[in-house]
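Chemist: The structure's right below; bear with me while I get my questions together.
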There are 2 protein chains.
Amino acid sequence: MDDEPPRPPPTLHDVAREAGVSYATASRALNGSARNVRAANVARVRAAATRLGYAPHLSAQAIARGSTNTAVLIVSAIDDPYFSSIAAGVGEAAEAAGLIVTAAIADRSPELELQIVRTLRGQRPRAIIIAGSRIAGSRTRRAFIDELDQYRAAGGRVTVISQADLPFATLSIDNYGGARRLALALAGLGHRRFGVIHSGDHLRTSADRRRGFADGLREAGITLDDRRSIRCDFTRDGGRRAARLLAERGTGDLDAVFAVNDTMAIGLMTGLRDAGLRPGTALAVAGFDDIASAADVTPALTSVRVPLRDIGRRAMEMALTSDTTEVVEVPTEVVLRESTAR
Amino acid sequence: MDDEPPRPPPTLHDVAREAGVSYATASRALNGSARNVRAANVARVRAAATRLGYAPHLSAQAIARGSTNTAVLIVSAIDDPYFSSIAAGVGEAAEAAGLIVTAAIADRSPELELQIVRTLRGQRPRAIIIAGSRIAGSRTRRAFIDELDQYRAAGGRVTVISQADLPFATLSIDNYGGARRLALALAGLGHRRFGVIHSGDHLRTSADRRRGFADGLREAGITLDDRRSIRCDFTRDGGRRAARLLAERGTGDLDAVFAVNDTMAIGLMTGLRDAGLRPGTALAVAGFDDIASAADVTPALTSVRVPLRDIGRRAMEMALTSDTTEVVEVPTEVVLRESTAR
DNA sequence: TTGAAAGCGCTACCAG
DNA sequence: CTGGTAGCGCTTTCAA
């Protein structure tokens, strides 16, 4: 019933006519330097715009001005506390800067991610923020860098989160150091026989955390036996699956497990419980990221704090200000809770 | 060191020249109907584009074509499992439809939300999806509806999630019914003296769930005493604060608490524990939404399942297909777990 | 302070 | 199949 043929939205032209002024004046009054327009006219134009429900065509503005008010954020998954916290920070900073955020989810493959960057570059955004990437060692790496270089050559800003191996401004999370200190702390608590739940070394974050953990243990005189590691998805369900495997193979040779992120660790805890093993008692568990849920599970999860929201905010700010390809190291902090021995 | 003056990105013109064909041919080969171009030329143009790192200016395309490939998603907070799950679904469907998603976070005020809709309408998106809104009873309501009506009059699609009181296509979550059935189930388990943790009735979702819960109890012959209700933020920390208040005033008159969403319920559980009260034992707790964490806390949280990701996906699909302002009711399902009596 | 008009990068129509 | 060109909605000189 409401199916009238779409009537095109009013243009600046319509507003000008309605207000009885010229096109140029209307433009100035609405979106330009209104101070160069007689007050009465400004009012007239504003009124006409409201009456008509005028909303400036952002694409037309972009093309005429030669610039946009857009920023692009690329994440691997938005329903993951790690990324959604970062996204919240990015959104906060974007709002402060008057930018609109376009979010892309690149959860499948490096190819898709490359494709996304290429497309989104076409938006001519002011900044591109890459949080979490599968590109690291992949075949697409070169093309990816080229794409972003081209973007930067045209005046675009790139900030990468956590991936210090790309030649762009980077907010580098100290994954290695955090994991290393976590290992030392756990050894200090008396844990000796460790397992690691990780996602394979193609995910840079997983690789760095695993390496840091192993090195920390080594410093404490403990050797990490790779046969006690389990590789699974970087997700809650990955963690659960790992728990099942662990339960099947028996946990007699373990007294603590480090999962390379909290989401996995929490899934692991639930999975252990399903298998009749009490996490924190039968087997200590530690994660990484210190997402909000870490403090809400029982026993509360030992983790390594990463100021994710803050990182998102700073990534946006860096993109907007820094000229260089500087690398800023974000410190991480071990947070001991009940899931590991006291 | 890398600070050369930005060289403007290559245009189609550059590509055409590089390929030795006309502007029009280049356009056709790249973004138009390539089948109307001799294969050799297509190849030449593609090669030139790659060589130059050409990416079509999306705004220019939008303006020339008169349409975009954009969809807009408005949420109240992205770092909240409720919204991020919906966002994941929206993203999934958007990708399938070849759309780019612009996400706006409207966490402050109805005014800001109105402002956002107005701005984003300027993007001329194909669809606007509103998930969670503070507009419901507010003063801005009329202006908000006008804004969206204008958008729709120009051929835009609007889908609202959960807010069945706006005159747009709606994916209505059965908040009332779910809460009502939850109340009946809890009464069936033997719980008698209930408290409710809510966020005030200006948040439609909170109001509906509270009302449904009260009505369900009434059917079971139980009267909900409003003095046992606590109003707090719609967040985890809101729930924690409620727990503190509850602990202070004493929980002697309660044997179960319903928090109007899981995030609050989980914060409540943590807060109770901090106060030395064992949730699920001293006091039963139930939530709403059945977010992933609900199954991961201990005791596992009784809740009402809402298929959030699915809702996001369907919202996008509805926006793209449905012509009408139909209202689709999404059923919810009570999930009993250990946080309530067995 | 105003209006006219030249673009911005691209699509699509019209001739050839 | 190809090239020329008139717009798309807006900003921003340039003159008046």
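Lettering and numbering for the structure tokens are positional, with chains as A, B, ... in the shown order, residues counted from 1 in each chain, and ligands counted from 1 in the shown order.
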Could you work out which residues of chain C fall inside 9 Å of chain B? Count only C-alpha atoms (C1' of nucleotides), and format the result as a PyMOL selection string.
Modeler: chain C and resi 8-12
Chemist: Let me see the file: selected residues, C-alpha atoms (C1' of nucleotides), as an mmCIF file, in the first residue's frame.
Modeler:
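again-v4.cif was written with the following content:
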```
data_model
loop_
_atom_site.group_PDB
_atom_site.id
_atom_site.type_symbol
_atom_site.label_atom_id
_atom_site.label_comp_id
_atom_site.auth_asym_id
_atom_site.auth_seq_id
_atom_site.Cartn_x
_atom_site.Cartn_y
_atom_site.Cartn_z
ATOM 1 C "C1'" DC C 8 35.375 16.304 -9.504
ATOM 2 C "C1'" DG C 9 35.565 10.778 -11.608
ATOM 3 C "C1'" DC C 10 32.545 8.016 -13.536
ATOM 4 C "C1'" DT C 11 28.433 5.857 -16.281
ATOM 5 C "C1'" DA C 12 25.566 5.362 -20.016
#
```
Chemist: Taking only C-alpha atoms into account, find every residue of chain B that has an atom no more than 8 Å from chain A, and write it out as a VMD selection string.
Modeler: chain B and resid 1 to 9 53 55 to 60 62 to 63 77 to 81 84 to 85 87 to 88 91 100 to 105 118 to 119 121 to 124 147 150 to 155 266 to 267 269 to 270 293 295 to 298 323 to 324
Chemist: Output, as a compact mmCIF listing (two decimals) with C-alpha atoms, in the first residue's frame, the coordinates of chain B following least-squares superposition onto chain A across all in-order C-alpha pairs.
Modeler:
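Output below, filename part_5.txt:
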```txt
# COMPACT_ATOMS: atom_id res chain seq x y z
CA MET B 1 0.06 0.14 0.15
CA ASP B 2 2.99 2.40 0.71
CA ASP B 3 4.36 1.54 -2.66
CA GLU B 4 4.50 4.79 -4.51
CA PRO B 5 7.28 4.97 -7.02
CA PRO B 6 10.37 6.29 -5.27
CA ARG B 7 10.59 10.02 -5.59
CA PRO B 8 14.23 11.02 -5.86
CA PRO B 9 15.54 12.77 -2.78
CA PRO B 10 15.63 16.54 -2.95
CA THR B 11 18.83 18.04 -4.25
CA LEU B 12 20.53 21.23 -3.36
CA HIS B 13 18.94 22.63 -6.45
CA ASP B 14 15.49 22.02 -5.03
CA VAL B 15 16.45 23.65 -1.79
CA ALA B 16 17.82 26.71 -3.57
CA ARG B 17 14.66 27.09 -5.59
CA GLU B 18 12.48 26.61 -2.55
CA ALA B 19 14.46 29.22 -0.66
CA GLY B 20 14.57 31.61 -3.57
CA VAL B 21 18.34 31.90 -3.65
CA SER B 22 20.98 30.69 -6.00
CA TYR B 23 22.47 27.26 -6.01
CA ALA B 24 25.80 28.58 -4.81
CA THR B 25 24.29 30.45 -1.91
CA ALA B 26 22.38 27.41 -0.81
CA SER B 27 25.55 25.40 -0.87
CA ARG B 28 27.37 27.95 1.21
CA ALA B 29 24.56 28.31 3.70
CA LEU B 30 24.27 24.57 4.25
CA ASN B 31 27.62 22.98 3.90
CA GLY B 32 30.10 25.73 3.27
CA SER B 33 31.20 28.82 5.10
CA ALA B 34 27.84 30.10 6.23
CA ARG B 35 29.41 33.27 7.53
CA ASN B 36 29.73 34.54 4.00
CA VAL B 37 25.99 34.50 3.62
CA ARG B 38 23.52 37.04 4.89
CA ALA B 39 21.90 35.72 8.05
CA ALA B 40 18.42 36.05 6.61
CA ASN B 41 19.40 33.87 3.69
CA VAL B 42 21.01 31.28 5.87
CA ALA B 43 17.79 31.01 7.79
CA ARG B 44 15.73 30.83 4.62
CA VAL B 45 17.89 28.09 3.19
CA ARG B 46 17.96 26.10 6.40
CA ALA B 47 14.21 26.30 6.63
CA ALA B 48 13.79 25.17 3.05
CA ALA B 49 16.16 22.27 3.64
CA THR B 50 14.22 21.13 6.66
CA ARG B 51 10.91 21.50 4.89
CA LEU B 52 12.15 19.36 2.01
CA GLY B 53 13.98 16.86 4.17
CA TYR B 54 17.19 17.56 2.36
CA ALA B 55 20.26 15.51 3.21
CA PRO B 56 23.41 16.36 1.28
CA HIS B 57 24.56 13.61 -1.05
CA LEU B 58 27.76 12.50 0.61
CA SER B 59 29.18 10.96 -2.52
CA ALA B 60 28.64 14.15 -4.43
CA GLN B 61 30.31 16.12 -1.70
CA ALA B 62 33.17 13.69 -1.63
CA ILE B 63 33.73 13.97 -5.30
CA ALA B 64 33.44 17.72 -5.39
CA ARG B 65 35.60 18.28 -2.36
CA GLY B 66 38.06 15.60 -3.28
CA SER B 67 37.95 14.05 0.15
CA THR B 68 35.69 12.06 2.42
CA ASN B 69 34.87 11.76 6.09
CA THR B 70 35.23 8.03 6.14
CA ALA B 71 37.49 5.62 7.93
CA VAL B 72 37.70 1.92 7.29
CA LEU B 73 38.14 -0.77 9.92
CA ILE B 74 39.01 -4.32 8.99
CA VAL B 75 38.50 -7.11 11.51
CA SER B 76 38.49 -10.88 11.24
CA ALA B 77 35.27 -11.28 13.17
CA ILE B 78 33.10 -8.72 14.84
CA ASP B 79 31.43 -11.12 17.25
CA ASP B 80 34.59 -11.71 19.17
CA PRO B 81 35.29 -9.62 22.24
CA TYR B 82 38.81 -8.97 21.06
CA PHE B 83 37.70 -7.25 17.89
CA SER B 84 34.53 -5.72 19.17
CA SER B 85 36.45 -4.00 21.95
CA ILE B 86 38.89 -2.62 19.45
CA ALA B 87 35.99 -1.57 17.26
CA ALA B 88 34.44 0.30 20.15
CA GLY B 89 37.64 2.25 20.63
CA VAL B 90 37.91 2.98 16.94
CA GLY B 91 34.32 4.15 16.90
CA GLU B 92 34.91 6.45 19.84
CA ALA B 93 37.89 8.13 18.24
CA ALA B 94 36.15 8.30 14.89
CA GLU B 95 33.21 10.09 16.38
CA ALA B 96 35.51 12.57 18.03
CA ALA B 97 37.12 13.22 14.66
CA GLY B 98 33.80 13.46 12.85
CA LEU B 99 34.42 10.38 10.76
CA ILE B 100 32.02 7.70 9.60
CA VAL B 101 33.29 4.17 10.02
CA THR B 102 32.93 1.48 7.42
CA ALA B 103 33.56 -1.93 8.91
CA ALA B 104 34.63 -4.90 6.88
CA ILE B 105 34.82 -8.44 8.12
CA ALA B 106 37.59 -10.47 6.59
CA ASP B 107 37.12 -13.81 8.21
CA ARG B 108 37.73 -16.15 5.37
CA SER B 109 40.93 -15.92 3.46
CA PRO B 110 43.87 -13.65 2.69
CA GLU B 111 42.42 -13.36 -0.80
CA LEU B 112 39.17 -11.98 0.54
CA GLU B 113 41.08 -9.59 2.71
CA LEU B 114 43.05 -8.33 -0.23
CA GLN B 115 39.86 -7.94 -2.18
CA ILE B 116 38.34 -5.93 0.64
CA VAL B 117 41.25 -3.56 0.89
CA ARG B 118 41.09 -2.98 -2.82
CA THR B 119 37.39 -2.24 -2.79
CA LEU B 120 37.50 -0.08 0.26
CA ARG B 121 40.37 1.92 -1.06
CA GLY B 122 37.85 3.03 -3.65
CA GLN B 123 35.96 4.78 -0.89
CA ARG B 124 38.95 7.09 -0.57
CA PRO B 125 38.78 6.85 3.20
CA ARG B 126 40.92 9.08 5.36
CA ALA B 127 42.31 6.09 7.17
CA ILE B 128 42.38 2.32 7.05
CA ILE B 129 42.82 0.41 10.28
CA ILE B 130 43.67 -3.22 10.11
CA ALA B 131 43.01 -5.23 13.23
CA GLY B 132 43.81 -8.84 12.82
CA SER B 133 44.88 -10.16 9.52
CA ARG B 134 45.54 -13.50 7.96
CA ILE B 135 47.93 -11.96 5.53
CA ALA B 136 51.12 -12.33 7.58
CA GLY B 137 53.07 -15.05 5.85
CA SER B 138 50.68 -15.68 3.06
CA ARG B 139 51.19 -15.68 -0.62
CA THR B 140 49.09 -12.55 -0.90
CA ARG B 141 51.37 -10.58 1.34
CA ARG B 142 53.16 -8.74 -1.43
CA ALA B 143 49.98 -7.71 -3.21
CA PHE B 144 48.50 -6.62 0.07
CA ILE B 145 51.40 -4.35 0.87
CA ASP B 146 51.34 -2.92 -2.64
CA GLU B 147 47.69 -2.14 -2.30
CA LEU B 148 48.19 -0.28 0.94
CA ASP B 149 51.26 1.46 -0.39
CA GLN B 150 49.27 2.78 -3.26
CA TYR B 151 46.68 3.97 -0.83
CA ARG B 152 49.29 5.70 1.22
CA ALA B 153 50.93 7.25 -1.79
CA ALA B 154 47.65 9.00 -2.42
CA GLY B 155 47.67 10.47 1.04
CA GLY B 156 45.84 7.72 2.90
CA ARG B 157 46.79 6.64 6.41
CA VAL B 158 47.22 3.07 7.47
CA THR B 159 47.45 1.71 10.98
CA VAL B 160 47.97 -1.92 11.72
CA ILE B 161 47.16 -3.41 15.07
CA SER B 162 49.39 -6.08 16.52
CA GLN B 163 51.16 -7.00 13.33
CA ALA B 164 54.58 -5.42 13.59
CA ASP B 165 55.89 -7.04 10.45
CA LEU B 166 54.12 -4.82 7.97
CA PRO B 167 55.69 -1.56 6.83
CA PHE B 168 52.96 0.68 8.24
CA ALA B 169 52.25 2.59 11.39
CA THR B 170 51.72 -0.12 13.93
CA LEU B 171 50.27 -0.50 17.37
CA SER B 172 52.21 -3.53 18.38
CA ILE B 173 50.82 -5.60 21.20
CA ASP B 174 53.54 -7.19 23.22
CA ASN B 175 52.30 -10.70 22.69
CA TYR B 176 55.67 -12.28 23.05
CA GLY B 177 56.62 -10.46 26.24
CA GLY B 178 53.23 -10.91 27.85
CA ALA B 179 53.24 -14.63 27.21
CA ARG B 180 56.79 -14.89 28.44
CA ARG B 181 56.00 -13.14 31.70
CA LEU B 182 52.89 -15.23 32.08
CA ALA B 183 55.00 -18.35 31.79
CA LEU B 184 57.40 -17.07 34.41
CA ALA B 185 54.54 -16.19 36.72
CA LEU B 186 52.93 -19.59 36.33
CA ALA B 187 56.23 -21.31 36.95
CA GLY B 188 56.59 -19.10 40.02
CA LEU B 189 53.24 -20.38 41.24
CA GLY B 190 54.59 -23.88 41.11
CA HIS B 191 53.14 -25.15 37.86
CA ARG B 192 55.50 -27.47 36.04
CA ARG B 193 53.93 -29.50 33.27
CA PHE B 194 52.36 -27.32 30.63
CA GLY B 195 50.20 -27.77 27.60
CA VAL B 196 49.43 -25.08 25.04
CA ILE B 197 46.25 -24.59 23.06
CA HIS B 198 47.04 -22.58 19.95
CA SER B 199 45.93 -21.96 16.39
CA GLY B 200 48.97 -22.75 14.33
CA ASP B 201 51.74 -20.39 13.43
CA HIS B 202 50.13 -18.90 10.36
CA LEU B 203 48.26 -16.67 12.77
CA ARG B 204 50.94 -14.33 13.87
CA THR B 205 49.35 -13.57 17.19
CA SER B 206 49.07 -17.23 18.07
CA ALA B 207 52.64 -17.89 17.01
CA ASP B 208 54.11 -15.02 19.02
CA ARG B 209 52.24 -15.90 22.16
CA ARG B 210 53.24 -19.50 21.92
CA ARG B 211 56.85 -18.64 21.36
CA GLY B 212 56.91 -16.17 24.24
CA PHE B 213 55.36 -18.73 26.51
CA ALA B 214 57.87 -21.40 25.55
CA ASP B 215 60.77 -19.00 26.03
CA GLY B 216 59.48 -17.92 29.43
CA LEU B 217 59.23 -21.51 30.55
CA ARG B 218 62.71 -22.17 29.28
CA GLU B 219 64.01 -19.31 31.42
CA ALA B 220 62.35 -21.00 34.35
CA GLY B 221 64.09 -24.20 33.47
CA ILE B 222 61.02 -25.90 32.06
CA THR B 223 60.86 -27.46 28.64
CA LEU B 224 57.62 -27.26 26.77
CA ASP B 225 56.83 -30.57 25.18
CA ASP B 226 55.22 -29.97 21.80
CA ARG B 227 53.34 -33.21 22.02
CA ARG B 228 51.33 -31.60 24.77
CA SER B 229 50.17 -28.84 22.46
CA ILE B 230 46.87 -28.88 20.70
CA ARG B 231 46.06 -26.88 17.66
CA CYS B 232 42.50 -25.69 17.13
CA ASP B 233 40.39 -22.79 15.98
CA PHE B 234 40.97 -19.36 17.44
CA THR B 235 37.46 -19.48 18.93
CA ARG B 236 35.48 -20.58 21.91
CA ASP B 237 34.41 -23.75 20.15
CA GLY B 238 38.00 -24.39 19.21
CA GLY B 239 38.79 -24.34 22.92
CA ARG B 240 35.97 -26.72 23.69
CA ARG B 241 37.15 -29.13 21.08
CA ALA B 242 40.64 -28.96 22.53
CA ALA B 243 39.20 -29.86 25.92
CA ARG B 244 37.59 -32.93 24.44
CA LEU B 245 40.84 -34.01 22.87
CA LEU B 246 42.65 -33.37 26.11
CA ALA B 247 40.14 -35.40 28.07
CA GLU B 248 40.41 -38.27 25.62
CA ARG B 249 44.16 -38.45 25.67
CA GLY B 250 44.22 -38.02 29.44
CA THR B 251 45.57 -35.10 31.44
CA GLY B 252 47.85 -37.06 33.70
CA ASP B 253 50.95 -35.47 32.26
CA LEU B 254 49.70 -31.89 32.70
CA ASP B 255 49.07 -29.51 35.50
CA ALA B 256 48.43 -26.32 33.55
CA VAL B 257 47.24 -25.28 30.12
CA PHE B 258 47.84 -21.99 28.36
CA ALA B 259 45.36 -21.07 25.67
CA VAL B 260 46.60 -18.32 23.39
CA ASN B 261 43.48 -16.25 23.88
CA ASP B 262 40.76 -15.91 26.49
CA THR B 263 37.98 -16.94 24.20
CA MET B 264 39.68 -20.26 23.64
CA ALA B 265 40.58 -20.54 27.32
CA ILE B 266 36.97 -20.03 28.34
CA GLY B 267 35.76 -22.59 25.83
CA LEU B 268 38.42 -24.90 27.17
CA MET B 269 37.19 -24.45 30.71
CA THR B 270 33.64 -25.22 29.72
CA GLY B 271 34.81 -28.22 27.76
CA LEU B 272 36.86 -29.52 30.67
CA ARG B 273 33.88 -29.18 32.94
CA ASP B 274 31.75 -31.07 30.44
CA ALA B 275 34.33 -33.83 30.60
CA GLY B 276 34.15 -33.92 34.36
CA LEU B 277 37.44 -32.13 34.97
CA ARG B 278 37.42 -29.10 37.23
CA PRO B 279 39.37 -26.28 35.64
CA GLY B 280 41.57 -24.54 38.16
CA THR B 281 41.60 -27.59 40.38
CA ALA B 282 42.34 -30.62 38.27
CA LEU B 283 44.08 -28.45 35.74
CA ALA B 284 45.13 -24.82 35.85
CA VAL B 285 44.09 -22.67 32.88
CA ALA B 286 45.41 -19.37 31.63
CA GLY B 287 44.45 -17.23 28.68
CA PHE B 288 45.44 -14.00 27.00
CA ASP B 289 43.68 -10.64 26.33
CA ASP B 290 41.81 -10.24 29.59
CA ILE B 291 38.44 -9.78 27.98
CA ALA B 292 35.58 -8.87 30.29
CA SER B 293 34.39 -12.46 30.60
CA ALA B 294 37.72 -13.53 32.04
CA ALA B 295 36.69 -12.05 35.37
CA ASP B 296 33.20 -13.53 35.16
CA VAL B 297 33.92 -17.21 34.70
CA THR B 298 34.57 -19.48 37.66
CA PRO B 299 37.29 -19.88 38.59
CA ALA B 300 38.20 -16.43 37.33
CA LEU B 301 40.65 -16.74 34.50
CA THR B 302 44.31 -15.86 34.79
CA SER B 303 45.21 -13.84 31.73
CA VAL B 304 47.35 -11.14 30.22
CA ARG B 305 45.71 -7.78 30.00
CA VAL B 306 45.61 -6.03 26.63
CA PRO B 307 43.94 -2.61 26.67
CA LEU B 308 41.84 -3.34 23.62
CA ARG B 309 39.47 -0.43 23.58
CA ASP B 310 42.32 1.90 24.20
CA ILE B 311 44.21 0.31 21.35
CA GLY B 312 41.32 0.91 19.02
CA ARG B 313 41.15 4.53 20.03
CA ARG B 314 44.86 5.05 19.64
CA ALA B 315 44.94 3.29 16.31
CA MET B 316 42.46 5.79 14.96
CA GLU B 317 44.33 8.69 16.48
CA MET B 318 47.64 7.48 15.12
CA ALA B 319 46.16 7.13 11.70
CA LEU B 320 44.97 10.70 11.86
CA THR B 321 48.13 12.30 13.16
CA SER B 322 51.29 10.35 12.69
CA ASP B 323 53.12 10.90 9.46
CA THR B 324 55.54 8.10 9.85
CA THR B 325 55.46 4.38 9.89
CA GLU B 326 56.26 4.37 13.54
CA VAL B 327 55.76 1.31 15.68
CA VAL B 328 54.28 1.88 19.10
CA GLU B 329 54.65 -0.98 21.51
CA VAL B 330 51.63 -1.52 23.74
CA PRO B 331 52.59 -3.14 27.02
CA THR B 332 50.67 -6.07 28.41
CA GLU B 333 50.25 -7.08 32.01
CA VAL B 334 49.87 -10.45 33.68
CA VAL B 335 46.70 -10.77 35.74
CA LEU B 336 46.72 -13.73 38.09
CA ARG B 337 43.35 -15.07 39.15
CA GLU B 338 41.88 -18.25 40.60
CA SER B 339 42.19 -20.43 37.53
CA THR B 340 45.86 -20.94 38.36
CA ALA B 341 47.45 -22.00 41.64
CA ARG B 342 47.75 -19.39 44.34
```
Chemist: Enumerate as a PyMOL selection string all residues of range 124-315 of chain A assigned to strand (DSSP E or B) by DSSP on the backbone, naming them with the chain letters and numbers the document uses.
Modeler: chain A and resi 127-131+157-161+169-173+194-198+229-231+256-259+279+283-286+289+302-305
Chemist: DSSP on the backbone: what in range 204-339 of chain A comes out alpha helix (DSSP H), as number ranges by chain?
Modeler: A: 204-219, 236-249, 262-274, 308-321
Chemist: What are the residues of chain D that have an atom within 9 Å of an atom of chain B, counting only C-alpha atoms (C1' of nucleotides), as a PDB file with C-alpha atoms (C1' of nucleotides), in the first residue's frame?
Modeler:
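Written file, result.pdb:
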```pdb
ATOM      1  C1'  DC D   1      32.652  -2.864 -30.689  1.00  0.00           C
ATOM      2  C1'  DT D   2      34.233   1.947 -29.968  1.00  0.00           C
ATOM      3  C1'  DG D   3      34.525   6.978 -29.027  1.00  0.00           C
ATOM      4  C1'  DG D   4      32.373  11.279 -27.778  1.00  0.00           C
ATOM      5  C1'  DG D   7      24.984  14.483 -17.078  1.00  0.00           C
ATOM      6  C1'  DC D   8      25.100  12.783 -11.665  1.00  0.00           C
ATOM      7  C1'  DG D   9      25.013  16.478  -7.021  1.00  0.00           C
TER       8       DG D   9
END
```
Chemist: At a cut-off of 10 Å, using only C-alpha atoms (C1' of nucleotides), what residues contact DG7 in chain C? Leave out same-chain residues fewer than 2 positions from it and give the result as a PyMOL selection string.
Modeler: (chain A and resi 64) or (chain C and resi 5) or (chain D and resi 11-12)
